[in-house]
file protein_39.txt (compact mmCIF, C-alpha atoms)
# COMPACT_ATOMS: atom_id res chain seq x y z
CA MET A 50 -22.88 158.22 -137.85
CA SER A 51 -21.51 158.84 -134.37
CA LYS A 52 -19.98 156.07 -132.29
CA PRO A 53 -22.45 153.65 -130.68
CA VAL A 54 -22.99 154.14 -126.95
CA VAL A 55 -22.83 151.09 -124.65
CA ALA A 56 -24.05 151.39 -121.05
CA ILE A 57 -23.26 149.08 -118.11
CA VAL A 58 -26.11 148.47 -115.64
CA GLY A 59 -26.12 146.28 -112.53
CA ARG A 60 -26.47 145.99 -108.76
CA PRO A 61 -23.82 147.27 -106.32
CA ASN A 62 -20.67 145.16 -106.13
CA VAL A 63 -21.31 143.02 -109.21
CA GLY A 64 -18.19 144.47 -110.89
CA LYS A 65 -19.45 147.27 -113.17
CA SER A 66 -16.41 149.47 -112.61
CA THR A 67 -13.99 146.53 -112.80
CA LEU A 68 -15.42 145.64 -116.20
CA PHE A 69 -15.36 149.29 -117.27
CA ASN A 70 -11.69 149.61 -116.29
CA ALA A 71 -10.75 146.30 -117.93
CA LEU A 72 -12.20 147.54 -121.23
CA ALA A 73 -10.91 151.11 -120.94
CA GLY A 74 -7.41 149.78 -120.27
CA GLU A 75 -6.75 152.14 -117.40
CA LYS A 76 -8.07 152.67 -113.92
CA ILE A 77 -10.64 155.33 -114.61
CA SER A 78 -13.36 154.59 -112.05
CA ILE A 79 -12.55 154.21 -108.37
CA VAL A 80 -13.12 150.59 -107.37
CA LYS A 81 -13.59 149.62 -103.73
CA ASP A 82 -15.54 146.91 -102.02
CA THR A 83 -18.09 149.37 -100.74
CA PRO A 84 -21.21 149.50 -102.88
CA GLY A 85 -21.83 152.83 -104.51
CA VAL A 86 -18.26 154.16 -104.57
CA THR A 87 -18.04 154.65 -108.33
CA ARG A 88 -17.35 158.36 -108.23
CA ASP A 89 -14.92 159.28 -110.93
CA ARG A 90 -14.96 159.41 -114.71
CA ILE A 91 -17.87 157.51 -116.15
CA TYR A 92 -17.25 157.27 -119.86
CA ALA A 93 -14.43 156.08 -122.10
CA ASP A 94 -13.79 155.57 -125.80
CA ILE A 95 -13.15 151.89 -126.48
CA SER A 96 -11.58 150.32 -129.58
CA TRP A 97 -12.03 146.59 -130.10
CA LEU A 98 -10.92 144.94 -133.36
CA ASP A 99 -12.28 147.31 -136.01
CA LYS A 100 -15.10 148.61 -133.78
CA GLU A 101 -15.16 151.85 -131.82
CA PHE A 102 -17.74 152.81 -129.23
CA THR A 103 -18.29 155.00 -126.17
CA MET A 104 -18.87 153.12 -122.94
CA ILE A 105 -20.72 154.65 -119.97
CA ASP A 106 -20.74 153.28 -116.45
CA THR A 107 -24.11 154.23 -114.97
CA GLY A 108 -23.01 153.41 -111.37
CA GLY A 109 -23.93 155.52 -108.39
CA ILE A 110 -26.15 153.23 -106.30
CA GLU A 111 -26.19 153.91 -102.56
CA PRO A 112 -27.71 150.91 -100.77
CA ASP A 113 -29.47 152.49 -97.79
CA SER A 114 -32.20 149.88 -97.93
CA ARG A 115 -33.37 147.16 -100.28
CA ASP A 116 -36.05 149.51 -101.67
CA VAL A 117 -33.53 152.24 -102.34
CA ILE A 118 -31.24 149.82 -104.20
CA LEU A 119 -34.10 148.75 -106.40
CA SER A 120 -35.40 152.26 -107.10
CA GLN A 121 -31.90 153.48 -107.93
CA MET A 122 -31.25 150.47 -110.15
CA ARG A 123 -34.40 151.35 -112.05
CA GLU A 124 -33.21 154.96 -112.34
CA GLN A 125 -29.85 153.71 -113.58
CA ALA A 126 -31.50 151.34 -116.06
CA GLN A 127 -33.61 154.25 -117.31
CA ILE A 128 -30.47 156.33 -117.96
CA ALA A 129 -29.07 153.42 -119.96
CA ILE A 130 -32.30 152.86 -121.87
CA ASP A 131 -32.54 156.55 -122.77
CA THR A 132 -28.96 157.07 -123.89
CA ALA A 133 -27.46 153.77 -125.03
CA ASP A 134 -27.55 151.83 -128.27
CA VAL A 135 -26.69 148.60 -126.41
CA ILE A 136 -27.00 147.78 -122.70
CA ILE A 137 -24.69 145.41 -120.81
CA PHE A 138 -26.68 144.05 -117.83
CA ILE A 139 -24.10 142.67 -115.41
CA THR A 140 -24.97 140.13 -112.67
CA ASP A 141 -22.90 138.19 -110.13
CA VAL A 142 -22.63 134.38 -110.26
CA ARG A 143 -21.62 134.25 -106.58
CA GLN A 144 -24.60 136.24 -105.31
CA GLY A 145 -26.94 134.38 -107.66
CA LEU A 146 -30.14 135.69 -109.19
CA THR A 147 -31.87 138.31 -107.00
CA ASP A 148 -35.26 139.96 -107.02
CA ALA A 149 -33.69 143.29 -108.04
CA ASP A 150 -32.07 141.59 -111.07
CA SER A 151 -35.45 140.23 -112.18
CA LYS A 152 -37.21 143.59 -111.84
CA VAL A 153 -34.55 145.48 -113.80
CA ALA A 154 -34.54 142.71 -116.43
CA ASP A 155 -38.30 143.30 -116.89
CA MET A 156 -37.68 146.99 -117.48
CA LEU A 157 -34.87 146.35 -119.94
CA ARG A 158 -36.91 143.76 -121.82
CA ARG A 159 -39.84 146.13 -122.21
CA SER A 160 -37.56 148.95 -123.46
CA GLY A 161 -36.93 147.14 -126.73
CA LYS A 162 -33.22 148.12 -126.54
CA PRO A 163 -30.66 145.37 -127.24
CA VAL A 164 -29.41 143.87 -123.96
CA VAL A 165 -26.38 141.63 -123.46
CA LEU A 166 -26.72 139.68 -120.20
CA VAL A 167 -23.32 139.19 -118.54
CA VAL A 168 -22.62 136.96 -115.53
CA ASN A 169 -19.47 138.18 -113.77
CA LYS A 170 -16.98 136.56 -111.35
CA VAL A 171 -16.90 133.28 -113.29
CA ASP A 172 -13.21 132.66 -112.54
CA ASN A 173 -13.54 128.94 -113.21
CA PHE A 174 -15.83 127.99 -116.09
CA GLU A 175 -16.19 124.29 -115.14
CA LYS A 176 -17.03 125.07 -111.53
CA PHE A 177 -19.48 127.93 -112.10
CA MET A 178 -21.28 127.06 -115.38
CA PRO A 179 -24.21 125.25 -113.64
CA ASP A 180 -24.81 128.48 -111.65
CA VAL A 181 -24.64 130.59 -114.84
CA TYR A 182 -27.58 128.65 -116.34
CA GLU A 183 -29.85 130.00 -113.56
CA PHE A 184 -29.69 133.42 -115.29
CA TYR A 185 -31.63 132.11 -118.29
CA ASN A 186 -34.65 132.64 -115.99
CA LEU A 187 -34.34 136.41 -116.58
CA GLY A 188 -35.66 135.85 -120.11
CA ILE A 189 -33.31 138.34 -121.80
CA GLY A 190 -31.19 135.97 -123.83
CA ASP A 191 -28.10 133.82 -123.33
CA PRO A 192 -25.96 134.75 -120.33
CA VAL A 193 -22.31 135.43 -121.25
CA PRO A 194 -19.97 134.21 -118.47
CA ILE A 195 -16.98 136.50 -117.76
CA SER A 196 -14.49 137.40 -115.08
CA ALA A 197 -13.82 141.14 -115.31
CA SER A 198 -10.97 141.01 -112.79
CA SER A 199 -9.20 138.11 -114.60
CA ARG A 200 -10.25 139.43 -118.04
CA LEU A 201 -11.82 136.10 -119.01
CA GLY A 202 -14.60 135.94 -121.60
CA LEU A 203 -14.41 139.64 -122.55
CA GLY A 204 -13.96 138.86 -126.26
CA ASP A 205 -17.16 136.78 -126.36
CA MET A 206 -19.01 139.55 -124.52
CA LEU A 207 -17.79 142.27 -126.93
CA GLU A 208 -18.72 140.11 -129.90
CA ALA A 209 -22.26 139.85 -128.52
CA VAL A 210 -22.34 143.63 -127.93
CA ALA A 211 -21.01 144.51 -131.41
CA GLU A 212 -23.70 142.37 -133.10
CA HIS A 213 -26.23 145.00 -131.98
CA PHE A 214 -24.39 148.06 -133.33
CA PRO A 215 -26.39 149.92 -135.98
CA GLU A 216 -25.11 149.33 -139.50
CA GLY A 217 -22.50 151.88 -140.49
CA ALA A 218 -22.04 153.00 -136.87
CA GLY A 219 -18.93 155.09 -136.41
CA GLN A 220 -18.81 156.06 -140.09
CA ALA A 221 -19.31 159.62 -141.26
CA GLU A 222 -22.88 160.67 -141.91
CA GLU A 223 -23.80 161.92 -145.32
CA ASP A 224 -25.93 164.62 -143.73
CA ASP A 225 -23.61 167.63 -143.99
CA ARG A 226 -25.79 170.09 -142.08
CA PRO A 227 -23.86 171.66 -139.21
CA ARG A 228 -24.68 169.85 -135.96
CA VAL A 229 -24.51 172.05 -132.87
CA ALA A 230 -24.77 170.64 -129.33
CA ILE A 231 -25.93 173.04 -126.64
CA VAL A 232 -24.45 171.89 -123.33
CA GLY A 233 -24.02 173.25 -119.84
CA LYS A 234 -25.26 172.88 -116.30
CA PRO A 235 -29.00 172.77 -115.57
CA ASN A 236 -30.72 176.18 -115.57
CA VAL A 237 -28.11 178.20 -117.45
CA GLY A 238 -30.58 178.98 -120.24
CA LYS A 239 -29.89 176.31 -122.87
CA SER A 240 -33.55 175.84 -123.81
CA SER A 241 -34.21 179.57 -123.77
CA ILE A 242 -31.44 180.09 -126.32
CA VAL A 243 -32.89 177.44 -128.65
CA ASN A 244 -36.41 178.85 -128.25
CA LYS A 245 -35.21 182.36 -128.98
CA LEU A 246 -33.35 181.19 -132.10
CA LEU A 247 -36.46 179.32 -133.19
CA GLY A 248 -38.74 182.26 -132.46
CA GLU A 249 -36.63 184.59 -134.60
CA ASN A 250 -36.73 182.18 -137.51
CA ARG A 251 -40.32 180.99 -137.15
CA VAL A 252 -39.48 177.55 -138.48
CA ILE A 253 -41.39 174.38 -137.71
CA VAL A 254 -39.57 172.39 -135.04
CA SER A 255 -39.16 168.80 -136.11
CA ASP A 256 -37.93 165.87 -134.11
CA ILE A 257 -35.67 164.25 -136.65
CA ALA A 258 -36.61 160.62 -137.14
CA GLY A 259 -34.05 157.95 -136.45
CA THR A 260 -32.17 159.59 -133.59
CA THR A 261 -31.48 156.85 -131.11
CA ARG A 262 -31.18 158.99 -128.02
CA ASP A 263 -33.80 161.32 -126.76
CA ALA A 264 -31.73 164.49 -126.84
CA VAL A 265 -33.96 166.88 -128.74
CA ASP A 266 -32.78 167.53 -132.27
CA THR A 267 -34.19 170.76 -133.66
CA GLU A 268 -33.85 171.97 -137.24
CA ILE A 269 -33.40 175.72 -137.59
CA VAL A 270 -33.05 177.52 -140.90
CA HIS A 271 -31.12 180.80 -140.89
CA ASN A 272 -30.50 182.76 -144.08
CA GLY A 273 -31.46 179.74 -146.15
CA LYS A 274 -28.97 177.42 -144.37
CA GLU A 275 -30.10 174.52 -142.19
CA TYR A 276 -28.59 173.80 -138.78
CA ILE A 277 -29.32 170.91 -136.40
CA PHE A 278 -29.31 171.95 -132.74
CA ILE A 279 -28.91 169.08 -130.27
CA ASP A 280 -30.35 170.36 -127.02
CA THR A 281 -29.45 168.49 -123.83
CA ALA A 282 -31.86 170.60 -121.79
CA GLY A 283 -35.10 169.19 -120.46
CA LEU A 284 -33.58 165.75 -120.14
CA ARG A 285 -33.08 165.66 -116.41
CA ARG A 286 -35.15 163.33 -114.27
CA LYS A 287 -36.38 164.62 -110.97
CA ASN A 288 -33.96 163.04 -108.60
CA LYS A 289 -33.28 163.68 -104.95
CA ILE A 290 -29.60 162.84 -105.25
CA LYS A 291 -27.61 165.76 -106.58
CA GLU A 292 -24.60 163.68 -107.51
CA GLU A 293 -26.74 161.26 -109.50
CA LEU A 294 -28.29 164.23 -111.30
CA GLU A 295 -24.87 165.59 -112.19
CA ARG A 296 -23.78 162.17 -113.40
CA TYR A 297 -26.94 161.92 -115.46
CA SER A 298 -26.39 165.27 -117.16
CA ILE A 299 -22.75 164.38 -117.91
CA ILE A 300 -23.81 161.11 -119.60
CA ARG A 301 -26.29 163.14 -121.64
CA THR A 302 -23.56 165.60 -122.54
CA VAL A 303 -21.18 162.87 -123.73
CA THR A 304 -23.78 161.45 -126.11
CA ALA A 305 -24.79 164.89 -127.44
CA VAL A 306 -21.19 166.08 -127.90
CA GLU A 307 -20.34 162.84 -129.70
CA ARG A 308 -22.86 163.69 -132.42
CA ALA A 309 -21.98 167.37 -132.84
CA ASP A 310 -19.53 169.36 -134.98
CA VAL A 311 -19.61 172.41 -132.74
CA VAL A 312 -20.38 172.62 -129.04
CA LEU A 313 -22.00 175.70 -127.51
CA MET A 314 -20.88 175.62 -123.89
CA VAL A 315 -23.47 177.78 -122.08
CA ILE A 316 -22.47 179.33 -118.77
CA ASP A 317 -24.39 181.64 -116.46
CA ALA A 318 -22.81 185.12 -116.40
CA THR A 319 -23.97 185.63 -112.82
CA GLU A 320 -22.17 182.47 -111.61
CA GLY A 321 -19.03 182.42 -113.77
CA VAL A 322 -17.32 179.17 -114.78
CA THR A 323 -18.00 176.45 -112.21
CA GLU A 324 -16.27 173.11 -111.66
CA GLN A 325 -19.08 171.29 -113.47
CA ASP A 326 -18.74 173.70 -116.45
CA ALA A 327 -15.04 172.83 -116.63
CA LYS A 328 -15.90 169.09 -116.63
CA ILE A 329 -18.43 169.52 -119.44
CA ALA A 330 -16.06 171.71 -121.49
CA GLY A 331 -13.37 169.05 -121.02
CA ILE A 332 -15.59 166.46 -122.74
CA ALA A 333 -15.85 168.66 -125.87
CA HIS A 334 -12.09 169.35 -125.76
CA GLU A 335 -11.16 165.65 -125.46
CA ARG A 336 -13.33 164.81 -128.43
CA GLY A 337 -11.75 167.53 -130.57
CA LYS A 338 -14.97 169.44 -131.24
CA GLY A 339 -15.31 173.09 -132.16
CA VAL A 340 -16.08 175.06 -128.97
CA ILE A 341 -17.90 178.35 -128.42
CA ILE A 342 -18.33 179.49 -124.83
CA VAL A 343 -21.67 181.27 -124.66
CA VAL A 344 -21.96 183.53 -121.61
CA ASN A 345 -25.73 183.84 -121.10
CA LYS A 346 -27.60 186.37 -118.88
CA TRP A 347 -25.03 189.05 -119.80
CA ASP A 348 -27.81 191.62 -119.40
CA ALA A 349 -27.86 190.83 -115.65
CA ILE A 350 -24.24 191.97 -115.15
CA GLU A 351 -23.40 195.51 -114.14
CA LYS A 352 -20.73 196.71 -116.55
CA ASN A 353 -17.99 199.24 -116.94
CA ASP A 354 -15.29 199.54 -119.61
CA ARG A 355 -13.24 196.72 -118.03
CA THR A 356 -16.00 194.16 -117.31
CA MET A 357 -15.71 192.09 -120.47
CA ARG A 358 -11.90 191.97 -120.37
CA GLU A 359 -11.85 190.90 -116.72
CA TYR A 360 -14.58 188.32 -117.27
CA GLU A 361 -12.76 186.81 -120.22
CA ALA A 362 -9.52 186.60 -118.23
CA LYS A 363 -11.34 184.55 -115.55
CA ILE A 364 -12.81 182.17 -118.15
CA ARG A 365 -9.43 181.72 -119.84
CA GLN A 366 -7.79 181.00 -116.50
CA THR A 367 -10.30 178.29 -115.51
CA LEU A 368 -10.42 176.72 -118.99
CA SER A 369 -6.69 177.17 -119.65
CA TYR A 370 -6.51 173.87 -121.57
CA MET A 371 -8.68 175.31 -124.35
CA PRO A 372 -7.31 178.78 -125.20
CA TYR A 373 -8.67 178.39 -128.75
CA ALA A 374 -12.34 178.47 -127.62
CA GLU A 375 -14.35 181.46 -128.86
CA ILE A 376 -16.32 183.47 -126.30
CA MET A 377 -19.66 185.23 -126.90
CA TYR A 378 -21.73 187.29 -124.49
CA VAL A 379 -25.47 186.92 -125.04
CA SER A 380 -28.86 187.22 -123.38
CA ALA A 381 -31.54 184.67 -124.17
CA LEU A 382 -33.98 186.96 -122.39
CA THR A 383 -33.45 190.01 -124.60
CA GLY A 384 -32.06 188.18 -127.65
CA GLN A 385 -28.89 190.29 -127.45
CA ARG A 386 -26.21 189.06 -129.93
CA LEU A 387 -27.92 185.69 -130.48
CA SER A 388 -28.16 186.14 -134.25
CA LYS A 389 -24.35 186.51 -134.34
CA LEU A 390 -24.07 182.92 -133.10
CA TYR A 391 -24.63 181.60 -136.63
CA ASP A 392 -21.65 183.52 -138.03
CA MET A 393 -19.53 182.18 -135.19
CA ILE A 394 -20.72 178.58 -135.77
CA ASP A 395 -19.98 178.86 -139.51
CA MET A 396 -16.51 180.22 -138.81
CA VAL A 397 -15.68 177.46 -136.31
CA ILE A 398 -16.87 174.71 -138.70
CA GLU A 399 -14.78 176.24 -141.47
CA ASN A 400 -11.74 176.09 -139.16
CA GLN A 401 -12.56 172.51 -138.10
CA THR A 402 -12.46 171.40 -141.73
CA LEU A 403 -9.52 173.57 -142.88
CA ARG A 404 -6.74 171.71 -144.69
CA ILE A 405 -3.22 173.15 -144.99
CA ALA A 406 -0.92 172.08 -147.83
CA THR A 407 2.09 170.04 -146.67
CA GLY A 408 4.56 172.45 -148.34
CA VAL A 409 3.14 175.41 -146.42
CA LEU A 410 3.20 173.52 -143.10
CA ASN A 411 6.85 172.59 -143.59
CA GLU A 412 7.76 176.22 -144.31
CA ILE A 413 6.12 177.25 -141.04
CA MET A 414 7.95 174.47 -139.18
CA THR A 415 11.34 175.33 -140.69
CA GLU A 416 10.89 178.98 -139.73
CA ALA A 417 9.78 178.03 -136.21
CA VAL A 418 12.81 175.76 -135.74
CA ALA A 419 15.13 178.56 -136.93
CA MET A 420 13.62 180.95 -134.38
CA GLN A 421 13.71 178.53 -131.46
CA GLN A 422 16.11 175.58 -131.40
CA PRO A 423 14.48 172.21 -130.59
CA PRO A 424 15.34 170.79 -127.16
CA SER A 425 18.26 168.40 -126.60
CA ASP A 426 19.06 165.85 -123.90
CA LYS A 427 22.46 164.33 -123.00
CA GLY A 428 24.01 165.79 -126.13
CA LYS A 429 21.30 164.49 -128.46
CA ARG A 430 19.24 167.16 -130.19
CA LEU A 431 15.70 166.73 -131.45
CA LYS A 432 15.46 166.88 -135.25
CA LEU A 433 12.16 167.64 -136.96
CA TYR A 434 12.02 166.14 -140.45
CA TYR A 435 8.56 166.69 -141.76
CA ILE A 436 4.99 167.72 -140.86
CA THR A 437 1.77 166.85 -142.67
CA GLN A 438 -1.96 167.18 -141.99
CA VAL A 439 -3.72 163.81 -141.95
CA SER A 440 -7.35 164.66 -141.12
CA VAL A 441 -9.93 167.29 -140.18
CA LYS A 442 -12.59 167.65 -137.45
CA PRO A 443 -10.34 168.38 -135.61
CA PRO A 444 -7.36 169.30 -137.83
CA THR A 445 -4.80 166.58 -137.05
CA PHE A 446 -1.09 166.72 -137.85
CA VAL A 447 1.73 164.17 -137.82
CA ILE A 448 5.29 165.36 -137.12
CA PHE A 449 8.19 163.04 -138.02
CA VAL A 450 11.20 163.37 -135.70
CA ASN A 451 14.43 161.51 -134.91
CA ASP A 452 13.51 160.74 -131.27
CA LYS A 453 10.01 160.91 -129.81
CA GLU A 454 11.32 161.17 -126.25
CA LEU A 455 12.96 164.52 -127.05
CA MET A 456 9.72 166.07 -128.37
CA HIS A 457 8.64 167.86 -125.25
CA PHE A 458 5.01 168.89 -124.86
CA SER A 459 6.04 172.56 -124.66
CA TYR A 460 7.78 172.38 -128.06
CA THR A 461 4.67 170.82 -129.63
CA ARG A 462 2.67 173.70 -128.10
CA TYR A 463 5.19 176.19 -129.57
CA LEU A 464 4.68 174.70 -133.07
CA GLU A 465 0.91 174.72 -132.56
CA ASN A 466 1.05 178.42 -131.71
CA LYS A 467 3.07 179.12 -134.89
CA ILE A 468 0.48 177.26 -137.03
CA ARG A 469 -2.32 179.18 -135.30
CA GLU A 470 -0.52 182.49 -135.92
CA ALA A 471 -0.52 181.68 -139.63
CA PHE A 472 -4.01 180.19 -140.00
CA GLY A 473 -6.01 181.12 -136.91
CA PHE A 474 -7.95 177.89 -136.39
CA ARG A 475 -10.16 179.86 -133.99
CA GLY A 476 -12.67 177.79 -132.08
CA THR A 477 -11.12 174.38 -132.74
CA SER A 478 -8.51 172.25 -131.03
CA LEU A 479 -5.59 170.86 -133.05
CA LYS A 480 -4.24 167.35 -132.56
CA PHE A 481 -0.60 166.38 -133.00
CA PHE A 482 0.93 162.92 -133.31
CA ILE A 483 4.68 162.47 -133.10
CA ARG A 484 6.25 159.66 -135.16
CA GLU A 485 9.86 158.53 -135.10
CA ARG A 486 11.83 158.13 -138.28
CA LYS A 487 15.43 156.96 -138.35
CA GLU A 488 17.88 159.29 -140.15
CA LYS A 489 18.74 156.69 -142.77
CA GLU A 490 15.07 156.58 -143.81
CA GLN A 491 15.40 160.17 -145.03

call {"tool": "encode", "arguments": {"input": "protein_39.txt", "output": "structure tokens"}}
result
Amino acid sequence: MSKPVVAIVGRPNVGKSTLFNALAGEKISIVKDTPGVTRDRIYADISWLDKEFTMIDTGGIEPDSRDVILSQMREQAQIAIDTADVIIFITDVRQGLTDADSKVADMLRRSGKPVVLVVNKVDNFEKFMPDVYEFYNLGIGDPVPISASSRLGLGDMLEAVAEHFPEGAGQAEEDDRPRVAIVGKPNVGKSSIVNKLLGENRVIVSDIAGTTRDAVDTEIVHNGKEYIFIDTAGLRRKNKIKEELERYSIIRTVTAVERADVVLMVIDATEGVTEQDAKIAGIAHERGKGVIIVVNKWDAIEKNDRTMREYEAKIRQTLSYMPYAEIMYVSALTGQRLSKLYDMIDMVIENQTLRIATGVLNEIMTEAVAMQQPPSDKGKRLKLYYITQVSVKPPTFVIFVNDKELMHFSYTRYLENKIREAFGFRGTSLKFFIRERKEKEQ
């Protein structure tokens, strides 16, 4: 099962981003005392005790008027209800219980999703506890007092959150059918691709029971093999605020990518790779998924013998952090090359789960070191002792060295390239961890 998703909902200035940053352990969101300034990254992977989950900060409320605050809080609550396994509803002990809090609490209660009610800015428990009791009036359970800025009460809050995680959350699913997320900006043709694939195979579309989010899971059988396509299309709410819409689609993308083995990153051939495409691709890259860049509407491009080469060079330049990604040129309109997608998906999954014997890896490393000496600093040279593969999806390697500080990023990249030369690993990222080992341990 994929990691549970926890969403933070609340009025402006109650401390959503402060809480988010306190849990994420780094300043990810921008925090200012102006309501509605949460602009930056909105999700983070959190580890707490033996639990792992993805946290999303729904933010983005611009308080033009009381009505606008309320309507946007409802919108934000709806995002959380649709995408999260557990919702943290954060209120402010100093501002007290407001009408907007009560209305959003009604919505959350009716959703049937687990809600943990958190009262923030309780810097002094003795002084503020009588004010915390007022929040029982919301009727959504016991309020948990915290101070996000002083990091007080966070353990109790996380305990309450973790109680609601589905059993076995974060563990591998037994379902071994390839799971493919189709992501990309609105209107690039994600749904059209799924419909075309379905139309060719004439299979009954089934909404698979038990999916917690409302991304549409579609079963498609091709050559006797079943695939699950997770389509993030058709999940946008009509919203006047473009930024909120973009935020909404990115939250959707995070939850879909989290559940997938391979990500089809669909871009519009007539537009090229945009900034939002790069953001979405970055999510798949960070999570170590297999990536296929699907250039749709290729039929709409005037071509000569250099078109494809030039187009690929532009994609590679913009998405330079993922040179391993495969690229396919298709047309959902004409069906051009769509059937080849399955072969590509199969190949990428094979590479995601490829295991290399330790002996072979060490031969490659020894040869690489002989060809290019490891870096040195102040007379001390980096020594590489040993490399081994520790996991798959994505293939993950541990390299034992004498001094971690000397292992420059560029040398790790050099070793990665040597491993790729030997085994390809097309379509998947590789992860490397560097561990120190003293010479006498050899």

call {"tool": "atom_distance", "arguments": {"input": "protein_39.txt", "atom1": "CA of Ile300 (chain A)", "atom2": "CA of Thr107 (chain A)"}}
result
8.3 Å

call {"tool": "atom_distance", "arguments": {"input": "protein_39.txt", "atom1": "CA of Val54 (chain A)", "atom2": "CA of Val315 (chain A)"}}
result
24.1 Å

call {"tool": "closest_residue", "arguments": {"input": "protein_39.txt", "among": "A:Ala305, A:Ala330, A:Val447, A:Asn62", "to": "Pro372 (chain A)", "atoms": "all atoms listed in the file"}}
result
A:Ala330

call {"tool": "atom_distance", "arguments": {"input": "protein_39.txt", "atom1": "CA of Arg430 (chain A)", "atom2": "CA of Lys480 (chain A)"}}
result
23.6 Å

call {"tool": "closest_residue", "arguments": {"input": "protein_39.txt", "among": "A:Ala471, A:Ala318, A:Leu368, A:Met393", "to": "Ile405 (chain A)", "atoms": "all atoms listed in the file"}}
result
A:Ala471

call {"tool": "closest_residue", "arguments": {"input": "protein_39.txt", "among": "A:His271, A:Lys52, A:Arg475, A:Lys170", "to": "Met396 (chain A)", "atoms": "only C-alpha atoms"}}
result
A:Arg475

call {"tool": "closest_residue", "arguments": {"input": "protein_39.txt", "among": "A:Pro443, A:Pro227, A:Gly204, A:Gly59", "to": "Arg336 (chain A)", "atoms": "only C-alpha atoms"}}
result
A:Pro443

call {"tool": "residues_around", "arguments": {"input": "protein_39.txt", "residues": "Val181 (chain A)", "least_positions_apart": "2", "cutoff": "12 Å", "atoms": "all atoms listed in the file", "output": "ChimeraX atom specification"}}
result
/A:140-146,166-179,183-187,191-195

call {"tool": "residues_near_point", "arguments": {"input": "protein_39.txt", "point": "(-25.8, 144.0, -120.7)", "cutoff": "6 Å", "atoms": "all atoms listed in the file", "output": "PyMOL selection string"}}
result
chain A and resi 136-139+164-167

call {"tool": "closest_residue", "arguments": {"input": "protein_39.txt", "among": "A:Glu335, A:Asp180, A:Asp225, A:Glu416", "to": "Tyr463 (chain A)", "atoms": "all atoms listed in the file"}}
result
A:Glu416

call {"tool": "axis_aligned_box", "arguments": {"input": "protein_39.txt", "around": "region 413-426 of chain A", "padding_each_side": "6 Å", "output": "JSON"}}
result
{"center_x": 12.6, "center_y": 173.4, "center_z": -132.5, "size_x": 24.9, "size_y": 27.1, "size_z": 29.1}

call {"tool": "residues_around", "arguments": {"input": "protein_39.txt", "residues": "Gly473 (chain A)", "least_positions_apart": "6", "cutoff": "10 Å", "atoms": "only C-alpha atoms", "output": "JSON, numbers by chain"}}
result
{"A": [373, 400, 466, 467]}

call {"tool": "closest_residue", "arguments": {"input": "protein_39.txt", "among": "A:Val441, A:Ile231, A:Ala149, A:Ile242", "to": "Ile342 (chain A)", "atoms": "all atoms listed in the file"}}
result
A:Ile231

call {"tool": "residues_around", "arguments": {"input": "protein_39.txt", "residues": "region 344-355 of chain A", "least_positions_apart": "6", "cutoff": "8 Å", "atoms": "only C-alpha atoms", "output": "number ranges by chain"}}
result
A: 237-238, 315-319, 376-383
